[in-house]
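Q: My structure is stored as entry_16.txt, with compact mmCIF, C-alpha atoms and all ligand atoms.
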# COMPACT_ATOMS: atom_id res chain seq x y z
CA MET A 1 16.27 7.76 -13.76
CA GLU A 2 15.22 7.08 -10.18
CA LEU A 3 17.23 4.21 -8.63
CA TYR A 4 14.14 2.13 -7.88
CA ASP A 5 12.82 2.62 -11.41
CA VAL A 6 16.16 1.39 -12.78
CA MET A 7 16.10 -1.65 -10.46
CA ARG A 8 12.53 -2.54 -11.36
CA THR A 9 12.93 -2.22 -15.14
CA THR A 10 16.39 -3.61 -15.97
CA PHE A 11 15.51 -6.64 -18.06
CA ALA A 12 17.44 -9.06 -20.30
CA VAL A 13 17.86 -7.10 -23.56
CA ARG A 14 18.49 -9.41 -26.53
CA GLU A 15 17.32 -7.19 -29.41
CA PHE A 16 19.28 -4.09 -30.30
CA THR A 17 18.97 -1.18 -32.69
CA ASP A 18 21.93 -0.25 -34.90
CA ASP A 19 22.80 2.67 -32.61
CA PRO A 20 26.37 2.68 -31.30
CA LEU A 21 27.33 2.66 -27.63
CA PRO A 22 30.06 5.32 -27.76
CA ASP A 23 33.12 5.10 -25.52
CA PRO A 24 32.16 8.12 -23.33
CA ALA A 25 28.82 6.45 -22.37
CA LEU A 26 30.53 3.09 -21.85
CA TYR A 27 33.11 4.82 -19.66
CA ARG A 28 30.35 6.40 -17.51
CA ILE A 29 28.68 3.00 -17.17
CA ILE A 30 31.84 1.22 -16.01
CA ASP A 31 33.03 4.18 -13.95
CA ASN A 32 29.83 4.03 -11.87
CA ALA A 33 29.61 0.23 -11.84
CA ARG A 34 33.14 -0.12 -10.40
CA PHE A 35 31.83 0.77 -6.92
CA ALA A 36 30.47 -2.78 -6.65
CA PRO A 37 31.82 -4.76 -3.67
CA SER A 38 34.17 -7.76 -3.80
CA GLY A 39 35.39 -10.14 -1.06
CA GLY A 40 38.04 -8.33 1.02
CA ASN A 41 37.74 -5.48 -1.52
CA ARG A 42 40.33 -7.35 -3.62
CA GLN A 43 38.80 -6.11 -6.89
CA GLY A 44 40.14 -8.97 -9.00
CA THR A 45 37.83 -8.28 -11.92
CA HIS A 46 38.76 -7.47 -15.52
CA VAL A 47 36.50 -6.26 -18.34
CA THR A 48 37.50 -6.97 -21.95
CA VAL A 49 35.58 -4.58 -24.22
CA VAL A 50 35.02 -6.40 -27.52
CA ARG A 51 33.90 -4.31 -30.49
CA ASP A 52 35.64 -6.32 -33.24
CA ALA A 53 32.92 -7.96 -35.37
CA THR A 54 34.92 -11.12 -36.12
CA VAL A 55 35.67 -11.71 -32.45
CA ARG A 56 32.02 -11.09 -31.53
CA GLN A 57 31.02 -13.62 -34.19
CA ARG A 58 33.35 -16.19 -32.55
CA LEU A 59 31.92 -15.42 -29.11
CA ALA A 60 28.41 -15.90 -30.51
CA ALA A 61 29.39 -19.36 -31.82
CA LEU A 62 30.90 -20.35 -28.46
CA ASN A 63 27.42 -20.03 -26.92
CA VAL A 64 26.06 -22.86 -29.06
CA PRO A 65 27.26 -26.03 -27.23
CA GLY A 66 26.14 -24.69 -23.83
CA ALA A 67 22.82 -23.56 -25.24
CA GLN A 68 22.27 -26.92 -26.99
CA ARG A 69 22.58 -28.69 -23.66
CA TYR A 70 20.37 -26.06 -22.01
CA PHE A 71 17.51 -26.52 -24.48
CA ALA A 72 17.90 -30.33 -24.75
CA GLN A 73 17.56 -30.58 -20.97
CA LEU A 74 14.62 -28.18 -20.97
CA ALA A 75 12.89 -30.32 -23.62
CA ALA A 76 13.53 -33.42 -21.48
CA GLY A 77 11.92 -31.73 -18.46
CA GLU A 78 15.24 -31.35 -16.62
CA GLY A 79 16.59 -28.27 -14.84
CA PRO A 80 19.19 -27.06 -17.39
CA TRP A 81 22.80 -27.19 -16.16
CA ASN A 82 21.64 -27.99 -12.65
CA PRO A 83 24.54 -29.20 -10.45
CA VAL A 84 22.30 -31.12 -8.02
CA ALA A 85 20.36 -33.21 -10.56
CA PRO A 86 22.78 -34.51 -13.21
CA SER A 87 21.51 -34.72 -16.77
CA GLY A 88 20.27 -37.94 -18.30
CA VAL A 89 20.03 -36.49 -21.81
CA PRO A 90 22.27 -38.43 -24.26
CA GLY A 91 25.16 -36.56 -25.90
CA GLU A 92 23.79 -37.15 -29.40
CA THR A 93 20.42 -35.59 -28.44
CA ILE A 94 22.29 -32.54 -27.15
CA ALA A 95 24.40 -32.34 -30.32
CA ALA A 96 21.27 -32.54 -32.49
CA THR A 97 19.45 -29.77 -30.60
CA THR A 98 19.00 -26.52 -32.51
CA VAL A 99 19.57 -23.20 -30.77
CA SER A 100 17.37 -20.21 -31.50
CA ASP A 101 19.13 -17.23 -33.04
CA GLU A 102 17.81 -15.22 -30.07
CA PHE A 103 20.69 -16.58 -27.97
CA THR A 104 23.56 -15.95 -30.38
CA ALA A 105 22.38 -12.87 -32.32
CA PRO A 106 22.91 -10.47 -29.36
CA PHE A 107 26.68 -11.07 -29.59
CA ARG A 108 26.69 -10.09 -33.26
CA ARG A 109 24.06 -7.34 -33.08
CA ALA A 110 24.97 -5.54 -29.84
CA ALA A 111 27.19 -2.48 -30.12
CA VAL A 112 29.73 -4.07 -27.79
CA VAL A 113 30.30 -7.30 -25.86
CA LEU A 114 31.91 -7.11 -22.42
CA VAL A 115 33.74 -10.21 -21.25
CA VAL A 116 33.98 -10.03 -17.48
CA THR A 117 36.56 -12.23 -15.77
CA VAL A 118 37.77 -12.57 -12.19
CA ASP A 119 41.24 -13.42 -10.96
CA LEU A 120 40.85 -16.56 -8.86
CA THR A 121 43.99 -15.69 -6.90
CA CYS A 122 41.97 -12.75 -5.51
CA VAL A 123 38.66 -14.35 -4.53
CA ALA A 124 37.72 -15.37 -1.01
CA ALA A 125 35.86 -18.65 -1.58
CA THR A 126 34.60 -19.31 1.93
CA ASP A 127 32.50 -22.24 0.73
CA GLN A 128 35.37 -24.10 -0.97
CA GLN A 129 35.46 -26.97 1.54
CA LEU A 130 31.75 -27.65 1.48
CA ASP A 131 30.42 -30.66 -0.37
CA ARG A 132 28.50 -28.66 -2.96
CA VAL A 133 29.09 -26.44 -5.94
CA GLY A 134 30.79 -23.13 -5.00
CA VAL A 135 28.72 -19.93 -5.08
CA VAL A 136 30.68 -17.47 -2.95
CA SER A 137 33.42 -16.73 -5.53
CA GLY A 138 30.78 -15.39 -7.89
CA ALA A 139 29.93 -12.73 -5.34
CA SER A 140 33.29 -11.08 -6.07
CA VAL A 141 32.35 -10.44 -9.70
CA TYR A 142 28.58 -10.50 -10.29
CA PRO A 143 27.83 -7.34 -8.29
CA LEU A 144 30.05 -5.53 -10.84
CA VAL A 145 28.27 -7.21 -13.77
CA TRP A 146 24.84 -6.26 -12.41
CA ASN A 147 26.00 -2.71 -11.67
CA ILE A 148 27.07 -2.47 -15.32
CA LEU A 149 23.58 -3.49 -16.44
CA LEU A 150 21.89 -1.07 -14.02
CA ALA A 151 24.14 1.78 -15.14
CA ALA A 152 23.51 0.89 -18.79
CA ARG A 153 19.74 1.08 -18.18
CA ASN A 154 20.23 4.46 -16.53
CA GLU A 155 22.06 5.65 -19.68
CA GLY A 156 19.32 4.34 -21.99
CA TYR A 157 21.20 1.15 -22.98
CA GLY A 158 20.69 -2.47 -22.05
CA GLY A 159 22.10 -5.97 -22.27
CA THR A 160 22.06 -9.43 -20.79
CA LEU A 161 24.21 -11.22 -18.26
CA THR A 162 25.05 -14.43 -20.15
CA THR A 163 26.98 -17.52 -19.09
CA MET A 164 26.15 -19.97 -21.87
CA ALA A 165 29.65 -19.65 -23.41
CA VAL A 166 31.46 -20.25 -20.11
CA PRO A 167 31.78 -24.05 -20.64
CA GLU A 168 34.00 -23.08 -23.60
CA GLU A 169 36.24 -21.01 -21.29
CA GLU A 170 39.47 -22.40 -22.77
CA GLN A 171 38.55 -21.16 -26.24
CA ILE A 172 37.49 -17.75 -24.89
CA ARG A 173 40.80 -17.58 -23.04
CA GLU A 174 42.72 -18.31 -26.24
CA LEU A 175 40.62 -15.92 -28.33
CA LEU A 176 41.06 -12.96 -25.96
CA GLY A 177 44.42 -13.77 -24.33
CA ILE A 178 42.92 -14.19 -20.87
CA PRO A 179 45.50 -15.41 -18.29
CA ASP A 180 45.10 -18.85 -16.66
CA THR A 181 44.33 -17.38 -13.24
CA HIS A 182 41.20 -15.62 -14.54
CA ALA A 183 37.81 -17.34 -14.71
CA VAL A 184 35.23 -16.16 -17.22
CA ALA A 185 32.18 -14.99 -15.24
CA ALA A 186 29.94 -13.44 -17.89
CA LEU A 187 29.66 -12.23 -21.45
CA VAL A 188 27.49 -9.13 -21.63
CA PRO A 189 26.22 -7.89 -25.01
CA LEU A 190 25.33 -4.19 -24.58
CA GLY A 191 23.57 -1.70 -26.86
CA LYS A 192 20.43 0.33 -27.46
CA PRO A 193 17.34 -1.83 -26.78
CA ARG A 194 14.84 -2.21 -29.60
CA LYS A 195 12.01 -2.08 -27.05
CA GLN A 196 11.63 -1.41 -23.35
CA LEU A 197 9.99 -3.92 -21.04
CA SER A 198 8.79 -2.14 -17.93
CA LYS A 199 7.00 -4.93 -16.12
CA LEU A 200 9.24 -7.79 -15.09
CA ARG A 201 7.86 -11.08 -13.81
CA ARG A 202 9.36 -11.56 -10.37
CA ARG A 203 8.12 -13.31 -7.23
CA PRO A 204 6.50 -11.07 -4.62
CA VAL A 205 8.50 -10.36 -1.43
CA GLU A 206 6.12 -12.41 0.72
CA GLU A 207 6.94 -15.52 -1.32
CA PHE A 208 10.64 -15.64 -0.48
CA THR A 209 11.08 -13.89 2.87
CA THR A 210 10.34 -15.33 6.30
CA ARG A 211 10.67 -14.14 9.87
CA ASP A 212 13.60 -15.33 12.04
CA ARG A 213 13.84 -18.81 10.49
CA PHE A 214 13.85 -20.18 6.96
CA ASP A 215 10.66 -22.04 7.83
CA GLY A 216 9.30 -19.05 9.78
CA ALA A 217 6.14 -17.10 9.00
CA PRO A 218 6.09 -15.23 5.66
CA CYS A 219 6.92 -11.52 6.08
CA ASN A 220 3.79 -9.48 5.55
CA PHE A 221 5.64 -6.21 5.06
CA LYS A 222 2.81 -4.53 3.15
CA HIS A 223 0.34 -4.91 6.00
CA GLU A 224 2.90 -3.60 8.49
CA LEU A 225 3.82 -0.62 6.28
CA CYS A 226 0.17 0.37 5.99
CA THR A 227 -0.24 0.24 9.76
CA ALA A 228 2.93 2.30 10.27
CA ARG A 229 1.72 4.90 7.77
CA ARG A 230 -1.61 5.22 9.53
CA ARG A 231 0.19 5.83 12.81
CA ALA A 232 2.53 8.52 11.38
CA PRO A 233 1.82 11.99 12.84
CA ARG A 234 0.01 14.43 10.56
CA ARG A 235 2.02 17.37 9.29
CA ASP A 236 0.84 20.95 9.74
CA ALA A 237 -1.31 22.23 6.88
CA GLU A 238 1.16 25.01 6.09
CA MET A 239 4.01 22.47 5.78
CA SER A 240 2.05 20.43 3.26
CA THR A 241 3.59 19.98 -0.16
CA VAL A 242 0.27 19.15 -1.84
CA PRO A 243 0.20 21.24 -5.03
CA SER A 244 -2.30 24.10 -5.06
CA ARG A 245 -5.81 23.72 -6.44
CA GLN A 246 -4.82 26.19 -9.17
CA ALA A 247 -1.75 24.13 -10.17
CA ARG A 248 -3.79 20.94 -10.32
CA LEU A 249 -6.50 22.53 -12.47
CA ALA A 250 -3.84 24.07 -14.73
CA HIS A 251 -2.28 20.65 -15.31
CA ALA A 252 -5.67 19.02 -15.91
CA ALA A 253 -6.46 21.68 -18.52
CA LYS A 254 -3.29 20.83 -20.48
CA HIS A 255 -3.12 17.06 -19.92
CA ALA A 256 -5.12 15.84 -22.94
CA GLU A 257 -3.92 18.60 -25.27
CA LEU A 258 -0.18 17.93 -24.69
CA TRP A 259 -0.69 14.15 -24.87
CA ASN A 260 -2.65 14.30 -28.13
CA ALA A 261 -0.13 16.73 -29.67
CA GLY A 262 2.71 14.28 -28.94
CA LYS A 263 4.52 16.83 -26.75
CA ARG A 264 6.17 14.23 -24.54
CA GLU A 265 8.58 16.44 -22.63
CA GLU A 266 6.03 19.24 -22.03
CA TRP A 267 3.47 16.68 -20.87
CA ILE A 268 5.97 15.17 -18.40
CA ALA A 269 7.04 18.65 -17.21
CA SER A 270 3.38 19.53 -16.63
CA TRP A 271 2.98 16.43 -14.46
CA ARG A 272 6.09 17.49 -12.51
CA THR A 273 4.36 20.74 -11.51
CA ILE A 274 1.87 18.72 -9.46
CA VAL A 275 4.12 15.84 -8.31
CA PRO A 276 6.71 17.14 -5.85
CA GLY A 277 7.24 13.63 -4.41
CA GLU A 278 6.97 10.05 -5.65
CA VAL A 279 4.19 8.24 -7.46
CA ARG A 280 2.34 4.99 -6.76
CA MET A 281 -0.18 3.95 -9.35
CA PHE A 282 -2.87 1.34 -9.85
CA ASP A 283 -3.41 1.53 -13.62
CA PRO A 284 -6.07 0.23 -13.79
CA VAL A 285 -7.32 -0.67 -10.30
CA GLY A 286 -7.20 -4.46 -10.02
CA THR A 287 -3.67 -4.78 -11.43
CA GLU A 288 -0.35 -4.78 -9.60
CA GLU A 289 0.93 -1.52 -8.13
CA LYS A 290 3.34 0.44 -10.35
CA GLN A 291 5.85 2.81 -8.81
CA GLY A 292 7.86 5.87 -9.76
CA PHE A 293 7.31 9.15 -11.54
CA ASP A 294 8.99 7.91 -14.75
CA THR A 295 6.84 4.77 -14.85
CA ALA A 296 3.66 6.83 -14.48
CA THR A 297 4.69 9.40 -17.06
CA GLY A 298 7.45 8.66 -19.64
CA ASP A 299 6.99 4.87 -19.69
CA ALA A 300 3.18 5.13 -19.96
CA TYR A 301 3.58 7.74 -22.70
CA ASP A 302 6.01 5.55 -24.69
CA MET A 303 3.68 2.58 -24.39
CA PHE A 304 0.36 4.21 -25.23
CA GLN A 305 0.67 7.64 -26.84
CA SER A 306 0.78 6.32 -30.42
CA ILE A 307 -2.47 4.36 -29.96
CA LEU A 308 -4.43 6.50 -27.52
CA LYS A 309 -6.14 9.89 -27.85
CA ILE A 310 -7.67 11.52 -24.80
CA LYS A 311 -10.63 13.91 -24.35
CA MET A 312 -11.04 15.45 -20.93
CA ILE A 313 -14.71 15.37 -19.89
CA THR A 314 -14.69 16.76 -16.35
CA VAL A 315 -12.26 17.57 -13.53
CA GLN A 316 -12.93 17.96 -9.80
CA VAL A 317 -10.46 19.05 -7.11
CA ASN A 318 -11.40 18.52 -3.46
CA GLY A 319 -8.97 18.86 -0.55
CA ASN A 320 -5.86 16.77 -1.20
CA GLU A 321 -7.46 14.94 -4.09
CA MET A 322 -8.38 15.37 -7.71
CA ALA A 323 -10.55 13.24 -9.99
CA TRP A 324 -11.27 13.43 -13.68
CA VAL A 325 -13.20 11.57 -16.32
CA CYS A 326 -11.70 11.09 -19.78
CA GLU A 327 -12.98 9.67 -23.00
CA ASN A 328 -10.19 7.47 -24.38
CA SER A 329 -9.98 6.46 -28.01
CA PHE A 330 -7.75 3.40 -28.36
CA GLY A 331 -6.36 2.40 -31.75
CA THR A 332 -6.18 4.05 -35.13
CA GLU A 333 -8.91 4.56 -37.75
CA PRO A 334 -10.89 2.55 -38.71
CA ASN A 335 -10.23 0.40 -35.63
CA VAL A 336 -11.03 2.78 -32.78
CA GLN A 337 -12.41 1.56 -29.44
CA LYS A 338 -13.79 4.20 -27.07
CA ALA A 339 -13.72 3.75 -23.30
CA TYR A 340 -14.33 6.15 -20.43
CA SER A 341 -11.89 6.23 -17.54
CA ILE A 342 -12.33 7.66 -14.07
CA GLU A 343 -8.93 8.65 -12.70
CA THR A 344 -8.33 9.68 -9.10
CA PHE A 345 -5.30 11.41 -7.62
CA ALA A 346 -4.56 11.66 -3.90
CA TRP A 347 -1.54 13.49 -2.41
CA ASP A 348 -0.09 12.79 1.02
CA GLY A 349 1.49 15.50 3.18
CA ASP A 350 4.92 14.88 1.58
CA GLY A 351 3.64 15.51 -1.93
CA ASN A 352 3.61 11.81 -2.87
CA LEU A 353 0.88 11.01 -5.31
CA LEU A 354 -1.37 7.93 -5.43
CA ILE A 355 -3.02 7.44 -8.82
CA LYS A 356 -5.92 5.08 -9.42
CA THR A 357 -7.53 4.63 -12.81
CA TYR A 358 -10.81 2.87 -13.47
CA TYR A 359 -11.71 1.47 -16.90
CA PRO A 360 -14.31 -1.05 -17.90
CA MET A 361 -12.22 -4.14 -17.07
CA PRO A 362 -12.60 -7.87 -16.56
CA GLU A 363 -13.18 -8.62 -12.87
CA SER A 364 -9.71 -10.05 -12.38
CA VAL A 365 -6.51 -9.46 -14.32
CA ASP A 366 -3.66 -11.84 -13.51
CA ALA A 367 -0.06 -10.66 -13.35
CA ASP A 368 0.80 -11.93 -16.85
CA SER A 369 -2.13 -10.66 -18.87
CA ASP A 370 -2.47 -7.26 -20.42
CA PRO A 371 -5.37 -5.41 -18.78
CA TYR A 372 -5.85 -3.30 -21.89
CA ALA A 373 -5.98 -6.26 -24.28
CA HIS A 374 -9.77 -6.12 -24.68
CA LEU A 375 -9.59 -2.41 -25.49
CA LEU A 376 -6.79 -2.92 -27.99
CA ASP A 377 -8.42 -5.86 -29.75
CA GLY A 378 -7.22 -6.11 -33.33
CA GLN A 379 -4.42 -3.50 -33.00
C1 LIG A 401 23.52 -16.37 -13.92
C2 LIG A 401 22.77 -15.99 -15.15
C3 LIG A 401 23.09 -16.57 -16.36
C4 LIG A 401 22.42 -16.20 -17.52
N1 LIG A 401 22.82 -16.74 -18.71
C5 LIG A 401 22.22 -16.34 -19.85
C6 LIG A 401 22.68 -16.79 -21.12
O1 LIG A 401 23.67 -17.51 -21.21
N2 LIG A 401 22.04 -16.37 -22.23
C7 LIG A 401 20.96 -15.53 -22.17
O2 LIG A 401 20.41 -15.18 -23.20
N3 LIG A 401 20.49 -15.07 -20.97
C8 LIG A 401 21.10 -15.45 -19.82
N4 LIG A 401 20.67 -14.95 -18.61
C9 LIG A 401 19.56 -14.00 -18.57
C10 LIG A 401 18.32 -14.57 -17.92
O3 LIG A 401 17.70 -15.46 -18.81
C11 LIG A 401 17.40 -13.40 -17.56
O4 LIG A 401 18.09 -12.57 -16.67
C12 LIG A 401 16.12 -13.86 -16.90
O5 LIG A 401 15.41 -14.72 -17.75
C13 LIG A 401 15.24 -12.67 -16.55
O6 LIG A 401 14.91 -11.96 -17.73
P1 LIG A 401 14.09 -10.56 -17.67
O7 LIG A 401 14.90 -9.65 -16.79
O8 LIG A 401 14.01 -10.07 -19.07
O9 LIG A 401 12.76 -10.85 -17.05
C14 LIG A 401 21.36 -15.28 -17.45
C15 LIG A 401 21.06 -14.67 -16.23
C16 LIG A 401 21.77 -15.00 -15.10
C17 LIG A 401 21.46 -14.27 -13.81
Would you write out, as structure tokens, the structure that this file holds?
Ligand SMILES: Cc1cc2nc3c(=O)[nH]c(=O)nc-3n(C[C@H](O)[C@H](O)[C@H](O)COP(=O)(O)O)c2cc1C

A:
Amino acid sequence: MELYDVMRTTFAVREFTDDPLPDPALYRIIDNARFAPSGGNRQGTHVTVVRDATVRQRLAALNVPGAQRYFAQLAAGEGPWNPVAPSGVPGETIAATTVSDEFTAPFRRAAVVLVVTVDLTCVAATDQQLDRVGVVSGASVYPLVWNILLAARNEGYGGTLTTMAVPEEEQIRELLGIPDTHAVAALVPLGKPRKQLSKLRRRPVEEFTTRDRFDGAPCNFKHELCTARRRAPRRDAEMSTVPSRQARLAHAAKHAELWNAGKREEWIASWRTIVPGEVRMFDPVGTEEKQGFDTATGDAYDMFQSILKIKMITVQVNGNEMAWVCENSFGTEPNVQKAYSIETFAWDGDGNLLIKTYYPMPESVDADSDPYAHLLDGQ
């Protein structure tokens, strides 16, 4: 997968199939993740690979007290486990709080649980004398944990960085024989995800970046990028990597046929013949931008192919652009909804493709709602 696609789609996987995560794949994951940084490059981390079902069952149970407090505080309107605002929730309320299976099942159901610890005699805790909870020590272990999750995604696996069992560190230490100098940083259930989430809810850049000072002006990178692009010198026509008119028409001729026949790999390969660069996509126009060739092809295919059949109505190719109209049949008999789409494709001189699709849509679609919901009614 493309690095940016991996970064934008690595979500907290809590539901797993029964597929194994074999040692060779786990080795590749950890072998690539190990290039994470640590303070002074001391590399004080240790990964305990737990496959034993009884031990995983014990680890699952050790999540319960931490999770009880988490959900009791949430119910009381508090910030769970927050070090700045101490909890006012009584102990008996916490003890009586039930914890959803969602938070313990991953430890039993995942193919493997990684317990990641860090040797405190190796960390450089430059914030240790400050009058607040320490955060810097974590930076010598969490880059490794996140690298593991990114690498797992790249290999078709997934998991979750969890910390709910950490309050029971002493019991984890005893269970796994972890030395006193090591602190438990995370328990990571890993396996084959039951489903793939490709759109994560995260704040936009402008909301958490400012110029020069914390209270400075919000960074309006998008506006500046657009201006920079407009100023970029044009490339010579003969250097252009825009695919030929013939190649674009050839792909358009096969697009619906390969999709409807369920020929995923051939359909993706056909797209590759006309996408030498990267892809940006507004699908449909009015929703957030999606990025990456895999997002526009494989992910879209996995999400929609089983419920969508396409009929190509007309195709036009002009200059660096292409546009087509399709008749789309959403759903399965007898619940089929038909909708036309106008889809436009524009290549820049580097072969990067901008896709825009137009469907009959509500005027505005907020970030959390599914733009296709009204077309998929009743599915
Ligand atoms: C420091 C940290 C601690 C976390 N602890 C837990 C945990 O104990 N149990 C759990 O199920 N998820 C845990 N998570 C996962 C978060 O809930 C998850 O990353 C976040 O909700 C974003 O989910 P998404 O990527 O699916 O959008 C933790 C994540 C972080 C970064």

Q: Restricting the calculation to all atoms listed in the file, which member of A:Trp81, A:Phe293, A:Tyr4, A:Phe35 is positioned closest to ligand LIG 401 (chain A)?

A: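 That would be A:Trp81, the residue with the smallest distance to ligand LIG 401 (chain A).
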
Q: In file coordinates, which residues lie within 7 Å of (6.0, 9.4, -7.2) using only C-alpha atoms, given as an NGL selection string?

A: :A and (275 or 277-280 or 291-293 or 352-353)

Q: Give as a PyMOL selection string the residues surrounding ligand LIG 401 (chain A) up to a distance of 7 Å, considering all atoms listed in the file.

A: chain A and resi 10-14+103+160-165+200-201

Q: In Å, how far is it from atom CA of A:Ser38 to atom CA of A:Trp146?

A: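 Here the two named atoms are 12.8 Å from each other.
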
Q: Which residues of stretch 108-204 of chain A sit at most 9 Å from stretch 41-55 of chain A, using only C-alpha atoms? Give each one's shortest atom pair and distance in Å (one decimal place), in chain and ascending residue order, as a tab-separated table.

A:
residue	atom	partner	partner_atom	distance
A:Arg108	CA	A:Ala53	CA	6.9
A:Ala111	CA	A:Arg51	CA	7.0
A:Val112	CA	A:Arg51	CA	5.0
A:Val113	CA	A:Val50	CA	5.1
A:Leu114	CA	A:Val49	CA	4.8
A:Val115	CA	A:Thr48	CA	5.0
A:Val116	CA	A:Val47	CA	4.6
A:Thr117	CA	A:His46	CA	5.2
A:Val118	CA	A:Thr45	CA	4.3
A:Asp119	CA	A:Gly44	CA	5.0
A:Leu120	CA	A:Gly44	CA	7.6
A:Thr121	CA	A:Gly44	CA	8.0
A:Cys122	CA	A:Gly44	CA	5.5
A:Val123	CA	A:Gly44	CA	7.1
A:Ala124	CA	A:Arg42	CA	8.8
A:Ser140	CA	A:Gln43	CA	7.5
A:Val141	CA	A:Thr45	CA	6.3
A:Leu144	CA	A:Thr45	CA	8.3
A:Leu175	CA	A:Val55	CA	7.7
A:Leu176	CA	A:Thr48	CA	8.0
A:His182	CA	A:Thr45	CA	8.5

Q: Find the distance between atom CA of A:Phe330 and atom CA of A:Lys311 and write it in Å to one decimal.

A: 11.6 Å

Q: Atom CA of A:Ala60 and atom CA of A:Phe107, how far apart in Å?

A: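 Taking atom CA of A:Phe107 and atom CA of A:Ala60, their separation equals 5.2 Å.
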
Q: Find the residues around A:Lys338 up to 12 Å (only C-alpha atoms counted), leave out those fewer than 5 positions away in its own chain, and share them as a list of chain:residue names.

A: A:Ile307, A:Leu308, A:Lys309, A:Ile310, A:Lys311, A:Cys326, A:Glu327, A:Asn328, A:Ser329, A:Phe330, A:Gly331, A:Thr332, A:Glu333, A:Tyr359, A:Pro360, A:His374, A:Leu375, A:Leu376, A:Asp377

Q: Nearest residue to A:Ala105 out of A:Gly351, A:Gly298, A:Pro362, A:Pro189, using only C-alpha atoms?

A: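 Comparing A:Gly351, A:Gly298, A:Pro362, A:Pro189 against A:Ala105, the winner is A:Pro189.
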
Q: Would you mind telling me which residue in A:Tyr157, A:Ala33, A:Ala125, A:Pro106 lies nearest to A:Ser137 when using only C-alpha atoms?

A: A:Ala125

Q: Would you kindly return, as a ChimeraX atom specification, each protein, DNA or RNA residue with an atom no farther than 12 Å from any atom of A:Glu170, considering all atoms listed in the file and excluding same-chain residues fewer than 4 positions away?

A: /A:62,165-166,174-184

Q: From the set A:Arg109, A:Arg132, A:Gly40, A:Glu2, which residue has the shortest atom-to-atom contact distance to A:Asn82, counting all atoms listed in the file?

A: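 Of all the options, A:Arg132 lies closest to A:Asn82.
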
Q: Please provide as a PyMOL selection string all residues within 8 Å of A:Thr241, with the sequence filter that same-chain residues fewer than 5 positions apart are discarded (counting all atoms listed in the file).

A: chain A and resi 276+349-351

Q: Looking at A:Thr98, A:Thr287, A:Thr9, A:Ser244, which one is nearest to A:Asn320, with distances taken over all atoms listed in the file?

A: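 Using all atoms listed in the file, the shortest distance to A:Asn320 belongs to A:Ser244.
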
Q: Tell me which of A:Ala247, A:Ala152, A:Met303, A:Met322 sits closest to A:Leu197, counting only C-alpha atoms.

A: A:Met303

Q: Here's a test: counting all atoms listed in the file, identify every protein, DNA and RNA residue with an atom at most 9 Å from (-12.8, 16.4, -18.7) in the file's coordinate frame, and state them as a PyMOL selection string.

A: chain A and resi 252-253+256+311-315+324-327

Q: Those selected residues, please, written with C-alpha atoms and delivered as a compact mmCIF listing (two decimals), keeping the file's coordinate frame.

A:
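part12.txt was written with the following content:
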# COMPACT_ATOMS: atom_id res chain seq x y z
CA ALA A 252 -5.67 19.02 -15.91
CA ALA A 253 -6.46 21.68 -18.52
CA ALA A 256 -5.12 15.84 -22.94
CA LYS A 311 -10.63 13.91 -24.35
CA MET A 312 -11.04 15.45 -20.93
CA ILE A 313 -14.71 15.37 -19.89
CA THR A 314 -14.69 16.76 -16.35
CA VAL A 315 -12.26 17.57 -13.53
CA TRP A 324 -11.27 13.43 -13.68
CA VAL A 325 -13.20 11.57 -16.32
CA CYS A 326 -11.70 11.09 -19.78
CA GLU A 327 -12.98 9.67 -23.00
